[in-house]
>>> print(open('upload.txt').read())   # compact mmCIF, C-alpha atoms
# COMPACT_ATOMS: atom_id res chain seq x y z
CA MET A 1 -0.92 -1.30 -24.91
CA ALA A 2 -4.58 -2.26 -24.71
CA LEU A 3 -5.85 -2.37 -21.16
CA ALA A 4 -9.19 -4.09 -21.58
CA THR A 5 -8.11 -6.27 -18.67
CA ARG A 6 -8.91 -3.41 -16.28
CA ASN A 7 -12.24 -5.14 -15.62
CA ILE A 8 -10.58 -8.32 -14.32
CA THR A 9 -11.48 -7.94 -10.66
CA SER A 10 -13.72 -9.71 -8.21
CA THR A 11 -17.36 -8.62 -8.14
CA LYS A 12 -18.21 -5.66 -5.96
CA ARG A 13 -20.14 -6.52 -2.83
CA SER A 14 -23.41 -4.78 -2.01
CA TYR A 15 -23.24 -2.47 0.98
CA ARG A 16 -24.34 -3.77 4.38
CA PRO A 17 -25.05 -1.39 7.30
CA ASN A 18 -22.52 -3.13 9.56
CA GLN A 19 -19.85 -3.28 6.89
CA SER A 20 -16.79 -1.09 7.23
CA ASP A 21 -16.76 1.98 5.03
CA MET A 22 -12.96 1.75 4.74
CA SER A 23 -11.02 -0.42 2.33
CA VAL A 24 -7.35 -1.23 2.76
CA ILE A 25 -5.41 -1.93 -0.44
CA ILE A 26 -2.13 -3.84 -0.30
CA PRO A 27 -0.44 -3.87 -3.74
CA ALA A 28 1.72 -7.01 -3.88
CA ALA A 29 1.69 -7.89 -7.57
CA GLY A 30 5.25 -7.06 -8.62
CA MET A 31 8.08 -9.56 -8.80
CA GLY A 32 10.75 -7.31 -7.31
CA HIS A 33 13.55 -7.56 -9.86
CA ARG A 34 16.30 -7.35 -7.24
CA MET A 35 14.75 -10.22 -5.26
CA LYS A 36 13.13 -12.34 -7.96
CA SER A 37 14.86 -15.51 -6.75
CA TYR A 38 13.14 -15.16 -3.36
CA GLY A 39 9.67 -15.32 -4.89
CA PRO A 40 6.96 -12.81 -3.87
CA LYS A 41 8.34 -10.35 -1.32
CA ALA A 42 5.01 -10.59 0.50
CA LEU A 43 5.94 -14.14 1.53
CA ILE A 44 9.30 -13.32 3.12
CA LYS A 45 9.33 -14.83 6.61
CA LEU A 46 9.69 -12.52 9.59
CA TYR A 47 9.51 -14.70 12.72
CA ASP A 48 7.74 -17.86 13.90
CA ASP A 49 7.04 -18.69 10.23
CA THR A 50 4.87 -15.54 9.93
CA THR A 51 5.19 -13.89 6.52
CA LEU A 52 5.39 -10.18 5.78
CA ILE A 53 1.87 -10.08 4.26
CA GLU A 54 0.38 -11.93 7.23
CA ARG A 55 1.97 -9.50 9.64
CA GLN A 56 0.56 -6.57 7.66
CA ILE A 57 -2.94 -8.04 7.72
CA GLN A 58 -2.74 -8.82 11.44
CA LEU A 59 -1.63 -5.27 12.25
CA ILE A 60 -4.27 -3.67 10.04
CA TRP A 61 -7.08 -5.66 11.65
CA ALA A 62 -5.65 -4.99 15.12
CA VAL A 63 -6.10 -1.26 14.47
CA TYR A 64 -9.11 -1.37 12.12
CA PRO A 65 -10.93 -4.66 12.88
CA LYS A 66 -13.79 -3.98 10.44
CA ALA A 67 -11.64 -2.94 7.49
CA GLU A 68 -12.05 -4.82 4.23
CA ILE A 69 -8.61 -5.77 2.91
CA PHE A 70 -7.80 -6.09 -0.80
CA VAL A 71 -4.55 -7.84 -1.72
CA VAL A 72 -3.48 -7.18 -5.33
CA VAL A 73 -1.51 -10.17 -6.65
CA GLY A 74 0.31 -10.95 -9.88
CA PHE A 75 3.77 -12.54 -9.75
CA GLU A 76 3.41 -16.11 -8.41
CA SER A 77 -0.05 -15.15 -7.21
CA GLU A 78 -1.12 -18.69 -6.28
CA LYS A 79 1.59 -18.84 -3.61
CA ILE A 80 0.16 -15.77 -1.91
CA ARG A 81 -3.41 -17.01 -2.27
CA SER A 82 -2.44 -20.35 -0.75
CA LYS A 83 -0.65 -18.76 2.20
CA LEU A 84 -3.62 -16.51 2.94
CA GLU A 85 -6.37 -19.05 2.36
CA GLU A 86 -7.46 -18.80 6.01
CA TYR A 87 -7.62 -15.00 5.93
CA PRO A 88 -10.92 -13.37 4.85
CA VAL A 89 -9.29 -10.94 2.43
CA ARG A 90 -10.23 -10.19 -1.15
CA PHE A 91 -7.74 -10.97 -3.91
CA ILE A 92 -7.46 -8.81 -7.01
CA PHE A 93 -5.39 -10.26 -9.84
CA ASN A 94 -3.28 -8.04 -12.07
CA PRO A 95 -2.76 -10.19 -15.19
CA ILE A 96 -0.32 -7.72 -16.73
CA HIS A 97 1.75 -6.93 -13.65
CA HIS A 98 4.95 -7.37 -15.69
CA GLU A 99 3.86 -4.56 -18.05
CA THR A 100 2.32 -2.13 -15.57
CA ASN A 101 3.31 -0.38 -12.38
CA VAL A 102 1.87 -0.04 -8.89
CA LEU A 103 -0.69 2.67 -9.74
CA TYR A 104 -2.36 0.24 -12.14
CA SER A 105 -2.50 -2.48 -9.49
CA ILE A 106 -4.06 -0.05 -7.04
CA SER A 107 -6.61 0.99 -9.66
CA LEU A 108 -7.86 -2.59 -10.00
CA ALA A 109 -8.62 -2.75 -6.28
CA ILE A 110 -10.19 0.72 -6.27
CA GLN A 111 -12.61 -0.42 -8.97
CA ALA A 112 -13.68 -3.36 -6.79
CA SER A 113 -14.16 -1.22 -3.68
CA ILE A 114 -17.35 0.58 -2.74
CA SER A 115 -15.84 2.32 0.28
CA LYS A 116 -15.67 6.07 0.76
CA GLU A 117 -12.31 5.74 2.50
CA VAL A 118 -9.23 3.93 1.22
CA LEU A 119 -5.99 3.19 3.04
CA ILE A 120 -3.11 2.15 0.76
CA VAL A 121 -0.23 0.24 2.36
CA TYR A 122 2.55 -0.99 0.08
CA GLY A 123 3.09 -4.74 0.27
CA ASP A 124 6.83 -4.70 0.95
CA LEU A 125 6.69 -2.69 4.20
CA ILE A 126 7.42 -3.86 7.72
CA PHE A 127 5.87 -1.52 10.28
CA ASN A 128 4.26 -1.36 13.70
CA GLU A 129 0.74 -0.39 14.73
CA ALA A 130 1.78 3.20 15.41
CA ALA A 131 2.38 3.71 11.68
CA ILE A 132 -1.31 3.40 10.84
CA ARG A 133 -3.11 4.56 13.99
CA ASN A 134 -5.48 7.56 13.99
CA ILE A 135 -5.24 7.92 10.23
CA ARG A 136 -8.91 8.44 9.41
CA GLY A 137 -10.50 11.82 8.81
CA GLU A 138 -8.84 14.12 6.27
CA SER A 139 -6.76 12.67 3.43
CA LYS A 140 -3.16 12.23 4.53
CA VAL A 141 0.19 10.64 3.80
CA ILE A 142 2.55 9.20 6.40
CA VAL A 143 6.06 10.68 6.38
CA GLU A 144 9.28 10.07 8.29
CA ASP A 145 12.60 11.92 8.62
CA GLU A 146 14.62 9.65 10.92
CA GLY A 147 16.32 7.53 8.27
CA MET A 148 14.00 4.53 8.44
CA MET A 149 13.29 4.78 4.72
CA LYS A 150 16.18 4.70 2.23
CA LYS A 151 17.69 7.95 0.96
CA SER A 152 16.78 6.86 -2.57
CA GLU A 153 13.06 6.75 -1.78
CA VAL A 154 10.52 9.40 -2.76
CA GLY A 155 10.40 12.39 -0.46
CA VAL A 156 7.68 14.86 0.47
CA CYS A 157 7.96 18.63 0.21
CA GLN A 158 5.79 20.20 2.94
CA GLN A 159 4.36 23.57 3.84
CA GLU A 160 2.60 24.04 7.18
CA LYS A 161 2.27 20.27 7.63
CA MET A 162 0.63 19.84 4.22
CA ALA A 163 2.24 17.90 1.36
CA ILE A 164 2.80 20.10 -1.67
CA ASN A 165 4.88 17.77 -3.86
CA PHE A 166 6.34 14.26 -3.99
CA SER A 167 9.83 14.00 -5.49
CA PHE A 168 13.28 12.50 -5.00
CA GLY A 169 16.19 14.07 -3.15
CA LEU A 170 14.23 15.28 -0.10
CA ASP A 171 15.13 14.44 3.50
CA THR A 172 11.55 13.82 4.62
CA LYS A 173 10.38 10.59 3.02
CA TRP A 174 6.96 9.32 2.11
CA ALA A 175 6.47 6.11 4.10
CA GLN A 176 4.38 4.58 1.28
CA ILE A 177 1.21 4.67 3.36
CA SER A 178 -1.64 6.93 2.23
CA TYR A 179 -5.22 7.53 3.34
CA LEU A 180 -7.65 8.94 0.79
CA CYS A 181 -11.23 10.11 1.04
CA GLY A 182 -13.49 12.72 -0.49
CA LYS A 183 -12.06 14.84 -3.30
CA GLU A 184 -8.62 13.24 -3.02
CA LEU A 185 -10.01 9.73 -3.46
CA SER A 186 -12.08 10.84 -6.46
CA LEU A 187 -9.06 12.44 -8.14
CA PHE A 188 -6.84 9.43 -7.40
CA LYS A 189 -9.44 7.10 -8.92
CA GLU A 190 -9.67 9.38 -11.95
CA VAL A 191 -5.96 9.32 -12.70
CA SER A 192 -5.43 5.63 -11.87
CA LEU A 193 -8.02 4.59 -14.45
CA LYS A 194 -6.38 6.39 -17.36
CA ASN A 195 -4.69 4.10 -19.90
CA GLU A 196 -1.76 6.47 -20.21
CA THR A 197 -0.93 6.20 -16.48
CA SER A 198 -0.66 2.40 -16.35
CA GLN A 199 3.10 2.60 -15.82
CA TRP A 200 3.00 5.34 -13.21
CA PHE A 201 4.31 4.94 -9.70
CA GLY A 202 2.00 5.62 -6.79
CA TYR A 203 3.60 8.96 -5.93
CA GLU A 204 2.86 10.21 -9.45
CA GLY A 205 -0.81 9.59 -8.79
CA LEU A 206 -0.54 11.55 -5.54
CA ASN A 207 1.13 14.44 -7.37
CA TYR A 208 -1.76 14.46 -9.85
CA VAL A 209 -4.16 14.85 -6.93
CA LEU A 210 -2.18 17.81 -5.58
CA GLU A 211 -1.91 19.43 -9.01
CA ASN A 212 -5.69 19.26 -9.41
CA GLY A 213 -6.71 20.86 -6.14
CA GLY A 214 -6.47 17.96 -3.69
CA GLU A 215 -4.80 18.21 -0.29
CA PHE A 216 -2.87 15.77 1.90
CA GLN A 217 -1.84 16.28 5.48
CA ALA A 218 1.78 15.16 5.94
CA VAL A 219 1.70 13.19 9.20
CA LYS A 220 4.68 11.98 11.19
CA GLN A 221 3.40 9.20 13.44
CA LYS A 222 4.71 9.15 17.00
CA SER A 223 6.60 5.93 17.90
CA MET A 224 6.38 4.69 14.31
CA LYS A 225 8.77 2.01 13.13
CA ILE A 226 8.90 1.18 9.43
CA PHE A 227 11.21 0.01 6.67
CA GLU A 228 10.96 -1.41 3.17
CA ILE A 229 12.22 -4.76 1.89
CA ASP A 230 13.79 -3.82 -1.45
CA SER A 231 16.90 -5.99 -1.77
CA ALA A 232 18.51 -9.11 -0.32
CA ARG A 233 20.57 -6.92 2.01
CA ASP A 234 17.35 -5.65 3.60
CA LEU A 235 16.61 -9.17 4.84
CA GLU A 236 19.18 -8.56 7.58
CA LYS A 237 16.85 -5.94 9.07
CA ILE A 238 13.95 -8.34 9.53
CA PRO A 239 12.87 -8.53 13.19
CA LYS A 240 13.65 -11.86 14.81
CA ASN A 241 10.80 -11.72 17.30
CA LYS A 242 7.24 -10.45 17.42
CA LEU A 243 7.95 -7.67 19.92
CA THR A 244 10.55 -5.88 17.83
CA PHE A 245 7.93 -4.23 15.61
CA GLY A 246 4.99 -4.69 17.94
>>> encode(input="upload.txt", output="structure tokens")
Amino acid sequence: MALATRNITSTKRSYRPNQSDMSVIIPAAGMGHRMKSYGPKALIKLYDDTTLIERQIQLIWAVYPKAEIFVVVGFESEKIRSKLEEYPVRFIFNPIHHETNVLYSISLAIQASISKEVLIVYGDLIFNEAAIRNIRGESKVIVEDEGMMKKSEVGVCQQEKMAINFSFGLDTKWAQISYLCGKELSLFKEVSLKNETSQWFGYEGLNYVLENGGEFQAVKQKSMKIFEIDSARDLEKIPKNKLTFG
């Protein structure tokens, strides 16, 4: 599969002294095969007509008001663009989202970013502010072991509060939120830009970083609430008011 389309991103902005040095990437390009009839999962309504993607953006800016947010779109992208037209976010279009996986979508946004710090938050997550607070500093991944993430999700093997491997069948789950800087960001960029990794999942990119000398703190956030919208049944978990996941 030729991936010449890797250069289809918005133009990088020149650095300004008052500009945030952190980018937040929200991959929301996939169609979600188990929920295709609902349209983009990012547009699922939570409460008061607020969509999942809007809630994510509001929470991110509440914690990191200067962060530059990249939303990677693909499936029914114009619906997401239209809904977020009042939000000053940057859209990155993945024209081959149906042929690639989330690591490829993330790579498109990474190419457009000039930041030295990147926070990746998957676009089908509902979470509270506690999930992303105090995340800057050393590269880290957010984990949870209280059953908020499904048993089928990718887990994290840890040693002395450091992640040593991402794999299935582990009790402690990766909450699909990662903060990368320094060596870890460089290695993640390296692997995400390879043609042969275009169908990799995000955790496979994180494993590559670990296998090549990178390190991630495995952080369990106090008072965190989080879950993933993966199927129609998950819609029953959606909070009915703003305070539930405040």
>>> axis_aligned_box(input="upload.txt", around="stretch 151-163 of chain A", padding_each_side="4 Å", output="AutoDock Vina command-line options")
--center_x 9.2 --center_y 15.4 --center_z 2.4 --size_x 25.1 --size_y 25.3 --size_z 18.4
>>> closest_atom_pairs(input="upload.txt", of="stretch 80-178 of chain A", to="stretch 48-63 of chain A", cutoff="8 Å", atoms="only C-alpha atoms", output="CSV")
residue,atom,partner,partner_atom,distance
A:Leu84,CA,A:Glu54,CA,7.4
A:Gly123,CA,A:Ile53,CA,6.8
A:Asp124,CA,A:Leu52,CA,7.4
A:Leu125,CA,A:Leu52,CA,7.8
A:Ile126,CA,A:Leu52,CA,6.9
A:Phe127,CA,A:Gln56,CA,7.8
A:Asn128,CA,A:Leu59,CA,7.2
A:Glu129,CA,A:Leu59,CA,6.0
A:Ile132,CA,A:Val63,CA,7.6
A:Arg133,CA,A:Val63,CA,6.6
>>> closest_atom_pairs(input="upload.txt", of="stretch 116-185 of chain A", to="stretch 67-74 of chain A", cutoff="12 Å", atoms="only C-alpha atoms", output="Markdown table")
| residue | atom | partner | partner_atom | distance |
| --- | --- | --- | --- | --- |
| A:Lys116 | CA | A:Ala67 | CA | 11.9 |
| A:Glu117 | CA | A:Ala67 | CA | 10.0 |
| A:Val118 | CA | A:Ala67 | CA | 9.6 |
| A:Leu119 | CA | A:Ile69 | CA | 9.3 |
| A:Ile120 | CA | A:Phe70 | CA | 9.6 |
| A:Val121 | CA | A:Val71 | CA | 10.0 |
| A:Tyr122 | CA | A:Val71 | CA | 10.0 |
| A:Gly123 | CA | A:Val71 | CA | 8.5 |
| A:Arg136 | CA | A:Ala67 | CA | 11.9 |
>>> write_last_selection(input="upload.txt", atoms="C-alpha atoms", output="short mmCIF file (atom, residue, chain, number, x, y, z; two decimals), in the frame of the given file")
data_model
loop_
_atom_site.label_atom_id
_atom_site.label_comp_id
_atom_site.auth_asym_id
_atom_site.auth_seq_id
_atom_site.Cartn_x
_atom_site.Cartn_y
_atom_site.Cartn_z
CA LYS A 116 -15.67 6.07 0.76
CA GLU A 117 -12.31 5.74 2.50
CA VAL A 118 -9.23 3.93 1.22
CA LEU A 119 -5.99 3.19 3.04
CA ILE A 120 -3.11 2.15 0.76
CA VAL A 121 -0.23 0.24 2.36
CA TYR A 122 2.55 -0.99 0.08
CA GLY A 123 3.09 -4.74 0.27
CA ARG A 136 -8.91 8.44 9.41
#
>>> closest_residue(input="upload.txt", among="A:Val141, A:Ala42, A:Met22, A:Ala175", to="A:Lys79", atoms="all atoms listed in the file")
A:Ala42
>>> atom_distance(input="upload.txt", atom1="atom CA of A:Lys225", atom2="atom CA of A:Pro65")
20.8 Å
>>> closest_residue(input="upload.txt", among="A:Phe216, A:Trp200, A:Tyr179, A:Trp174", to="A:Met148", atoms="all atoms listed in the file")
A:Trp174
>>> residues_around(input="upload.txt", residues="A:Glu184", least_positions_apart="3", cutoff="8 Å", atoms="only C-alpha atoms", output="MDAnalysis selection string")
chainID A and resid 139 180:181 187:188 209 214:216
>>> residues_around(input="upload.txt", residues="A:Glu211", least_positions_apart="5", cutoff="10 Å", atoms="all atoms listed in the file", output="list in words")
Ile164, Asn165, Gly205 and Leu206 of chain A
